[in-house]
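Asker: First the structure, which I've put down as structure tokens, then a few questions once you've had a look.
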Amino acid sequence: MLMQAAFTRIQSDSNSTDRFNYVTTDVPNPADYTWNFTVVDCVGIWDLTEMTNLDDAELEAVTDHYRLRGSEEDINATLAVFTEDFSLPKETQEFMQSQWSENAKFTGVDRAGFVSNGIKAMAVLSNIDFPEGEADSFKDLDKAVEWARGACPDGV
């Protein structure tokens, strides 16, 4: 692996679930890559629209960021947003099936969504195995955020 995030797992005192907080010294900074990250209420949104060609460093960085940042208490749902130009060769699909499914489980989120303006989000969703939560695909980011907010605690 090109990038390994160093982190220490600390059980959360403020949460009775099995979720953990992560203290890290190496969370990838989105500013160093072609993807972006934002939070809306309890929804973590990874904007991959500038990532048309996935190289190992980009893929490792966004994966590490997703796992570490998505595990924090303020995130209950995640969205990955990409364009129809997002390349889905067989190797990428295999990676997504194993790694992205594991990432959703690892974070402990309740919902994981995928957004694109065509059928790519449905293709990605078809490779995801996430029986611990809900997963869905969308063509519209606003509708995806509305759906993902359903995982937010009351008052968020």
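If you're wondering about the labels, chains in the structure tokens are A, B, ... by order shown, residues count from 1 in each chain, ligands from 1 in order shown.
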Enumerate the residues of region 63-115 of chain A with a DSSP assignment of strand (DSSP E or B), computed from the backbone, and present them as a list in words.
Answerer: Ala77, Thr78, Leu79, Ala80, Val81, Arg111, Ala112, Gly113, Phe114 and Val115 of chain A
Asker: Using the selection just defined, write its residues with N, CA and C atoms as a short mmCIF file (atom, residue, chain, number, x, y, z; two decimals), in the first residue's frame.
Answerer:
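Ended up saving to out-v7.cif:
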data_model
loop_
_atom_site.label_atom_id
_atom_site.label_comp_id
_atom_site.auth_asym_id
_atom_site.auth_seq_id
_atom_site.Cartn_x
_atom_site.Cartn_y
_atom_site.Cartn_z
N ALA A 77 -23.63 9.10 8.18
CA ALA A 77 -23.91 8.66 6.81
C ALA A 77 -22.81 9.22 5.91
N THR A 78 -22.58 8.53 4.79
CA THR A 78 -21.56 8.98 3.85
C THR A 78 -22.11 9.00 2.44
N LEU A 79 -21.56 9.91 1.64
CA LEU A 79 -21.89 9.97 0.22
C LEU A 79 -20.59 10.09 -0.57
N ALA A 80 -20.48 9.34 -1.64
CA ALA A 80 -19.39 9.47 -2.59
C ALA A 80 -19.99 9.99 -3.89
N VAL A 81 -19.46 11.11 -4.37
CA VAL A 81 -20.00 11.77 -5.56
C VAL A 81 -18.96 11.70 -6.67
N ARG A 111 -25.79 4.77 6.86
CA ARG A 111 -26.14 4.87 5.44
C ARG A 111 -24.90 5.23 4.62
N ALA A 112 -24.81 4.61 3.45
CA ALA A 112 -23.74 4.91 2.50
C ALA A 112 -24.38 5.08 1.13
N GLY A 113 -24.19 6.27 0.53
CA GLY A 113 -24.79 6.55 -0.76
C GLY A 113 -23.76 6.89 -1.81
N PHE A 114 -24.16 6.73 -3.06
CA PHE A 114 -23.29 6.98 -4.21
C PHE A 114 -24.06 7.83 -5.20
N VAL A 115 -23.40 8.89 -5.69
CA VAL A 115 -24.08 9.88 -6.52
C VAL A 115 -23.31 10.10 -7.81
#
Asker: Arg69 (chain A): which residues within 9 Å, counting only C-alpha atoms, same-chain residues fewer than 2 positions away excluded, as a list in words?
Answerer: Tyr22, Val27, Gly44, Asp64, His65, Tyr66, Arg67, Ser71, Glu72, Ile75 and Thr107 of chain A
Asker: Store the residues picked out above in a file with C-alpha atoms, as an mmCIF file, in the first residue's frame.
Answerer:
data_model
loop_
_atom_site.group_PDB
_atom_site.id
_atom_site.type_symbol
_atom_site.label_atom_id
_atom_site.label_comp_id
_atom_site.auth_asym_id
_atom_site.auth_seq_id
_atom_site.Cartn_x
_atom_site.Cartn_y
_atom_site.Cartn_z
ATOM 1 C CA TYR A 22 -9.718 7.953 16.028
ATOM 2 C CA VAL A 27 -5.255 11.717 7.900
ATOM 3 C CA GLY A 44 -19.735 13.107 5.223
ATOM 4 C CA ASP A 64 -7.735 6.225 4.365
ATOM 5 C CA HIS A 65 -9.567 9.532 4.744
ATOM 6 C CA TYR A 66 -12.961 7.824 4.431
ATOM 7 C CA ARG A 67 -12.124 5.212 7.058
ATOM 8 C CA SER A 71 -15.425 6.845 11.916
ATOM 9 C CA GLU A 72 -15.715 10.065 13.885
ATOM 10 C CA ILE A 75 -20.591 11.230 10.768
ATOM 11 C CA THR A 107 -16.887 3.381 9.933
#
Asker: Could you give me, as a ChimeraX atom specification, the residues within 12 Å of Val124 (chain A), counting only C-alpha atoms and dropping anything in the same chain fewer than 2 positions from it?
Answerer: /A:79-84,86-90,92-98,100-101,112-116,118-122,126-129,135-138
Asker: Go through A:Val109, A:Ala31, A:Val145, A:Leu125 and flag the residue nearest Ala61 (chain A), using only C-alpha atoms for the distances.
Answerer: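 Checking each of A:Val109, A:Ala31, A:Val145, A:Leu125 against Ala61 (chain A), counting only C-alpha atoms, the winner is A:Ala31.
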Asker: Which distance in Å separates CA of Leu68 (chain A) and CA of Gly150 (chain A), to one decimal?
Answerer: 21.9 Å
Asker: At what distance in Å, to one decimal, does CA of Glu134 (chain A) lie from CA of Asp85 (chain A)?
Answerer: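 Taking CA of Asp85 (chain A) as the start and CA of Glu134 (chain A) as the end point, the length is 25.6 Å.
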Asker: I want to know what sits within 7 Å of Val43 (chain A), based on only C-alpha atoms, with residues of the same chain fewer than 2 positions away left out; could you give that as a PyMOL selection string?
Answerer: chain A and resi 39-41+45+75-78+148-149
Asker: How about saving the chosen residues, C-alpha atoms kept, as an mmCIF file, in the first residue's frame?
Answerer:
data_model
loop_
_atom_site.group_PDB
_atom_site.id
_atom_site.type_symbol
_atom_site.label_atom_id
_atom_site.label_comp_id
_atom_site.auth_asym_id
_atom_site.auth_seq_id
_atom_site.Cartn_x
_atom_site.Cartn_y
_atom_site.Cartn_z
ATOM 1 C CA VAL A 39 -19.808 17.637 6.165
ATOM 2 C CA VAL A 40 -23.494 18.559 6.027
ATOM 3 C CA ASP A 41 -25.165 17.876 9.361
ATOM 4 C CA ILE A 45 -19.494 13.885 1.518
ATOM 5 C CA ILE A 75 -20.591 11.230 10.768
ATOM 6 C CA ASN A 76 -23.622 8.895 10.594
ATOM 7 C CA ALA A 77 -23.907 8.665 6.811
ATOM 8 C CA THR A 78 -21.561 8.978 3.853
ATOM 9 C CA ALA A 148 -28.525 10.495 4.117
ATOM 10 C CA ARG A 149 -29.791 12.997 6.714
#
Asker: What residues in region 9-154 of chain A get the DSSP label alpha helix (DSSP H)? Please answer as an NGL selection string.
Answerer: :A and (56-70 or 90-95 or 101-107 or 120-125 or 141-148)
Asker: Report the distance between CA of Asp74 (chain A) and CA of Asp56 (chain A) in Å, rounded to one decimal place.
Answerer: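 CA of Asp56 (chain A) lies at a distance of 28.2 Å from CA of Asp74 (chain A).
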Asker: Excluding Tyr33 (chain A) and its own-chain neighbours fewer than 6 positions away, which residues fall within 10 Å of it when counting only C-alpha atoms? Please give them as a ChimeraX atom specification.
Answerer: /A:48,50-51,57-59,61-62
Asker: Please write the residues from the selection above to a file, keeping N, CA and C atoms, as a PDB file, in the first residue's frame.
Answerer:
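Heads up, here's the output in part-v3.pdb:
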ATOM      1  N   LEU A  48     -15.612  13.166  -5.526  1.00  0.00           N
ATOM      2  CA  LEU A  48     -14.597  12.547  -6.364  1.00  0.00           C
ATOM      3  C   LEU A  48     -14.738  12.971  -7.828  1.00  0.00           C
ATOM      4  N   GLU A  50     -13.499  15.212  -9.624  1.00  0.00           N
ATOM      5  CA  GLU A  50     -12.277  15.545 -10.362  1.00  0.00           C
ATOM      6  C   GLU A  50     -11.396  14.322 -10.584  1.00  0.00           C
ATOM      7  N   MET A  51     -11.762  13.192 -10.012  1.00  0.00           N
ATOM      8  CA  MET A  51     -10.973  11.959 -10.134  1.00  0.00           C
ATOM      9  C   MET A  51     -11.493  11.131 -11.303  1.00  0.00           C
ATOM     10  N   ALA A  57      -2.139   6.240  -5.431  1.00  0.00           N
ATOM     11  CA  ALA A  57      -1.983   7.218  -4.353  1.00  0.00           C
ATOM     12  C   ALA A  57      -3.305   7.908  -4.035  1.00  0.00           C
ATOM     13  N   GLU A  58      -4.042   8.297  -5.065  1.00  0.00           N
ATOM     14  CA  GLU A  58      -5.350   8.952  -4.861  1.00  0.00           C
ATOM     15  C   GLU A  58      -6.329   7.991  -4.189  1.00  0.00           C
ATOM     16  N   LEU A  59      -6.376   6.777  -4.691  1.00  0.00           N
ATOM     17  CA  LEU A  59      -7.300   5.780  -4.159  1.00  0.00           C
ATOM     18  C   LEU A  59      -6.974   5.436  -2.708  1.00  0.00           C
ATOM     19  N   ALA A  61      -5.376   7.379  -0.571  1.00  0.00           N
ATOM     20  CA  ALA A  61      -5.628   8.562   0.259  1.00  0.00           C
ATOM     21  C   ALA A  61      -7.107   8.741   0.562  1.00  0.00           C
ATOM     22  N   VAL A  62      -7.940   8.625  -0.455  1.00  0.00           N
ATOM     23  CA  VAL A  62      -9.369   8.810  -0.218  1.00  0.00           C
ATOM     24  C   VAL A  62      -9.916   7.669   0.632  1.00  0.00           C
TER      25      VAL A  62
END
